[in-house]
Amino acid sequence: MSIKHKGVAAWLALLLGSLGVHRAYLYGLRDGWLWLHPLPTLIGLAGLNRFQSIGQHDAMAAWTLPLLGLMLAQGALCAIVYGLCSDERWNARHNPEQPAAPTRWLPVLAAVAALLLGGTALMATIAFSAQRYFELSAEAAGG
């Protein structure tokens, strides 16, 4: 059984968490939650592609693009949780009966970066979604 490093898991969650790579690292490919990550991310990427090619008035992009932002934000949230978890609790959960390895600053730096990037992704998603909701509501009302 290999040792699961908290810093590696935190950085994987931050950089590739929207695809579930951190779950594959921690729990293996048989993890059910892992397979719920790629589909919304790919749908969101398709929405981003439509948004870039068709423009901001595409209704399909308006409903699919926020999935990408939400998946990026959830990856950042996982990075924060992993990065700020105590070493004792981490080892009890992911490295039972293994000696505790010192984590140093790598997980903390991942948590700080996740706060910045995840907060930005979440706020951009909320702003985009609210703007498109009110625009589409106004168009439906005939205004």
# chains A, B, ... in the order shown; residues from 1 in each chain; ligands from 1
call {"tool": "residues_around", "arguments": {"residues": "range 92-108 of chain A", "least_positions_apart": "2", "cutoff": "8 Å", "atoms": "only C-alpha atoms", "output": "PyMOL selection string"}}
result
chain A and resi 3-8+10-11+26+82-84+87-90+110-112
call {"tool": "write_last_selection", "arguments": {"atoms": "all heavy atoms", "output": "short mmCIF file (atom, residue, chain, number, x, y, z; two decimals), in the first residue's frame"}}
result
data_model
loop_
_atom_site.label_atom_id
_atom_site.label_comp_id
_atom_site.auth_asym_id
_atom_site.auth_seq_id
_atom_site.Cartn_x
_atom_site.Cartn_y
_atom_site.Cartn_z
N ILE A 3 1.94 5.29 0.25
CA ILE A 3 1.61 6.43 1.11
C ILE A 3 0.98 7.52 0.26
O ILE A 3 1.48 7.86 -0.82
CB ILE A 3 2.87 6.94 1.83
CG1 ILE A 3 3.38 5.88 2.80
CG2 ILE A 3 2.60 8.25 2.53
CD1 ILE A 3 4.65 6.26 3.51
N LYS A 4 -0.13 8.07 0.72
CA LYS A 4 -0.82 9.16 0.04
C LYS A 4 -0.38 10.47 0.69
O LYS A 4 -0.64 10.72 1.86
CB LYS A 4 -2.34 9.01 0.17
CG LYS A 4 -2.87 7.68 -0.28
CD LYS A 4 -2.70 7.47 -1.75
CE LYS A 4 -3.41 6.21 -2.17
NZ LYS A 4 -2.77 5.42 -3.11
N HIS A 5 0.28 11.31 -0.09
CA HIS A 5 0.80 12.56 0.42
C HIS A 5 -0.25 13.66 0.33
O HIS A 5 -0.90 13.83 -0.71
CB HIS A 5 2.05 12.98 -0.35
CG HIS A 5 3.18 12.02 -0.18
ND1 HIS A 5 3.99 12.01 0.91
CD2 HIS A 5 3.60 11.00 -0.98
CE1 HIS A 5 4.88 11.06 0.80
NE2 HIS A 5 4.67 10.42 -0.35
N LYS A 6 -0.40 14.39 1.41
CA LYS A 6 -1.40 15.45 1.49
C LYS A 6 -1.12 16.57 0.49
O LYS A 6 -2.04 17.08 -0.15
CB LYS A 6 -1.43 15.99 2.92
CG LYS A 6 -2.46 17.03 3.16
CD LYS A 6 -2.66 17.32 4.64
CE LYS A 6 -1.48 17.98 5.27
NZ LYS A 6 -1.78 18.57 6.57
N GLY A 7 0.13 16.94 0.32
CA GLY A 7 0.49 18.00 -0.62
C GLY A 7 0.18 17.62 -2.06
O GLY A 7 -0.34 18.43 -2.83
N VAL A 8 0.47 16.39 -2.42
CA VAL A 8 0.17 15.92 -3.78
C VAL A 8 -1.33 15.93 -4.02
O VAL A 8 -1.81 16.39 -5.06
CB VAL A 8 0.77 14.51 -4.01
CG1 VAL A 8 0.32 13.93 -5.34
CG2 VAL A 8 2.28 14.56 -3.93
N ALA A 10 -3.59 17.75 -2.53
CA ALA A 10 -4.09 19.12 -2.57
C ALA A 10 -3.79 19.77 -3.92
O ALA A 10 -4.66 20.43 -4.50
CB ALA A 10 -3.47 19.93 -1.43
N TRP A 11 -2.59 19.59 -4.43
CA TRP A 11 -2.26 20.19 -5.73
C TRP A 11 -3.00 19.51 -6.88
O TRP A 11 -3.40 20.17 -7.83
CB TRP A 11 -0.75 20.18 -5.96
CG TRP A 11 -0.09 21.31 -5.21
CD1 TRP A 11 0.57 21.24 -4.04
CD2 TRP A 11 -0.11 22.69 -5.58
NE1 TRP A 11 0.99 22.49 -3.66
CE2 TRP A 11 0.59 23.40 -4.58
CE3 TRP A 11 -0.63 23.40 -6.65
CZ2 TRP A 11 0.77 24.78 -4.62
CZ3 TRP A 11 -0.45 24.77 -6.70
CH2 TRP A 11 0.24 25.45 -5.70
N LEU A 26 -6.32 9.28 -4.51
CA LEU A 26 -6.60 8.86 -3.13
C LEU A 26 -7.33 7.53 -3.03
O LEU A 26 -7.05 6.73 -2.14
CB LEU A 26 -7.42 9.93 -2.42
CG LEU A 26 -6.70 11.24 -2.14
CD1 LEU A 26 -7.66 12.27 -1.56
CD2 LEU A 26 -5.53 11.02 -1.21
N TYR A 82 -8.09 19.44 1.89
CA TYR A 82 -6.92 18.58 2.01
C TYR A 82 -5.75 19.34 2.61
O TYR A 82 -5.04 18.83 3.47
CB TYR A 82 -6.50 18.03 0.65
CG TYR A 82 -7.48 17.10 -0.01
CD1 TYR A 82 -7.43 16.86 -1.37
CD2 TYR A 82 -8.48 16.46 0.71
CE1 TYR A 82 -8.31 16.00 -2.00
CE2 TYR A 82 -9.37 15.60 0.09
CZ TYR A 82 -9.29 15.39 -1.26
OH TYR A 82 -10.17 14.54 -1.87
N GLY A 83 -5.51 20.55 2.14
CA GLY A 83 -4.36 21.32 2.58
C GLY A 83 -4.41 21.71 4.04
O GLY A 83 -3.38 21.81 4.70
N LEU A 84 -5.61 21.94 4.57
CA LEU A 84 -5.74 22.38 5.95
C LEU A 84 -6.06 21.26 6.93
O LEU A 84 -6.20 21.50 8.12
CB LEU A 84 -6.80 23.48 6.04
CG LEU A 84 -6.47 24.75 5.24
CD1 LEU A 84 -7.57 25.78 5.40
CD2 LEU A 84 -5.12 25.31 5.62
N ASP A 87 -2.17 16.70 10.03
CA ASP A 87 -1.38 15.54 9.61
C ASP A 87 -1.87 14.25 10.26
O ASP A 87 -1.92 13.20 9.61
CB ASP A 87 0.10 15.74 9.95
CG ASP A 87 0.75 16.81 9.10
OD1 ASP A 87 0.18 17.17 8.05
OD2 ASP A 87 1.85 17.27 9.48
N GLU A 88 -2.26 14.33 11.52
CA GLU A 88 -2.74 13.14 12.23
C GLU A 88 -4.02 12.61 11.61
O GLU A 88 -4.18 11.41 11.39
CB GLU A 88 -2.96 13.45 13.71
CG GLU A 88 -1.68 13.78 14.47
CD GLU A 88 -1.19 15.21 14.24
OE1 GLU A 88 -2.01 16.07 13.83
OE2 GLU A 88 0.00 15.45 14.44
N ARG A 89 -4.94 13.52 11.33
CA ARG A 89 -6.21 13.09 10.74
C ARG A 89 -6.00 12.56 9.33
O ARG A 89 -6.62 11.58 8.91
CB ARG A 89 -7.19 14.27 10.75
CG ARG A 89 -8.54 13.88 10.25
CD ARG A 89 -9.53 14.98 10.46
NE ARG A 89 -10.82 14.58 9.95
CZ ARG A 89 -11.87 15.32 9.92
NH1 ARG A 89 -11.82 16.53 10.40
NH2 ARG A 89 -12.99 14.88 9.44
N TRP A 90 -5.13 13.22 8.56
CA TRP A 90 -4.84 12.77 7.20
C TRP A 90 -4.28 11.35 7.21
O TRP A 90 -4.72 10.48 6.45
CB TRP A 90 -3.85 13.72 6.53
CG TRP A 90 -3.50 13.28 5.15
CD1 TRP A 90 -2.43 12.52 4.78
CD2 TRP A 90 -4.24 13.53 3.96
NE1 TRP A 90 -2.45 12.28 3.43
CE2 TRP A 90 -3.55 12.90 2.89
CE3 TRP A 90 -5.41 14.23 3.67
CZ2 TRP A 90 -4.00 12.95 1.59
CZ3 TRP A 90 -5.84 14.28 2.36
CH2 TRP A 90 -5.15 13.65 1.34
N ALA A 110 -0.93 25.14 -1.47
CA ALA A 110 -2.03 24.71 -2.33
C ALA A 110 -3.35 25.29 -1.83
O ALA A 110 -4.19 25.72 -2.63
CB ALA A 110 -2.11 23.19 -2.39
N ALA A 111 -3.55 25.32 -0.52
CA ALA A 111 -4.78 25.88 0.05
C ALA A 111 -4.87 27.37 -0.22
O ALA A 111 -5.95 27.89 -0.55
CB ALA A 111 -4.84 25.59 1.55
N VAL A 112 -3.76 28.08 -0.12
CA VAL A 112 -3.76 29.52 -0.39
C VAL A 112 -4.08 29.78 -1.86
O VAL A 112 -4.91 30.64 -2.20
CB VAL A 112 -2.40 30.15 0.00
CG1 VAL A 112 -2.27 31.57 -0.51
CG2 VAL A 112 -2.22 30.10 1.51
#
call {"tool": "closest_atom_pairs", "arguments": {"of": "range 86-129 of chain A", "to": "range 64-74 of chain A", "cutoff": "10 Å", "atoms": "only C-alpha atoms", "output": "JSON lines"}}
result
{"residue": "A:Ala114", "atom": "CA", "partner": "A:Ala73", "partner_atom": "CA", "distance": 8.5}
{"residue": "A:Leu115", "atom": "CA", "partner": "A:Ala73", "partner_atom": "CA", "distance": 9.2}
{"residue": "A:Leu117", "atom": "CA", "partner": "A:Ala73", "partner_atom": "CA", "distance": 7.9}
{"residue": "A:Gly118", "atom": "CA", "partner": "A:Ala73", "partner_atom": "CA", "distance": 4.6}
{"residue": "A:Gly119", "atom": "CA", "partner": "A:Ala73", "partner_atom": "CA", "distance": 7.1}
{"residue": "A:Thr120", "atom": "CA", "partner": "A:Ala73", "partner_atom": "CA", "distance": 8.4}
{"residue": "A:Ala121", "atom": "CA", "partner": "A:Gly69", "partner_atom": "CA", "distance": 5.4}
{"residue": "A:Leu122", "atom": "CA", "partner": "A:Ala73", "partner_atom": "CA", "distance": 5.6}
{"residue": "A:Met123", "atom": "CA", "partner": "A:Gly69", "partner_atom": "CA", "distance": 8.9}
{"residue": "A:Ala124", "atom": "CA", "partner": "A:Gly69", "partner_atom": "CA", "distance": 7.5}
{"residue": "A:Thr125", "atom": "CA", "partner": "A:Gly69", "partner_atom": "CA", "distance": 5.4}
{"residue": "A:Ile126", "atom": "CA", "partner": "A:Pro66", "partner_atom": "CA", "distance": 8.0}
{"residue": "A:Ala127", "atom": "CA", "partner": "A:Pro66", "partner_atom": "CA", "distance": 9.8}
{"residue": "A:Phe128", "atom": "CA", "partner": "A:Pro66", "partner_atom": "CA", "distance": 7.6}
{"residue": "A:Ser129", "atom": "CA", "partner": "A:Pro66", "partner_atom": "CA", "distance": 6.6}
call {"tool": "atom_distance", "arguments": {"atom1": "CA of Gln56 in chain A", "atom2": "CA of Pro40 in chain A"}}
result
20.0 Å
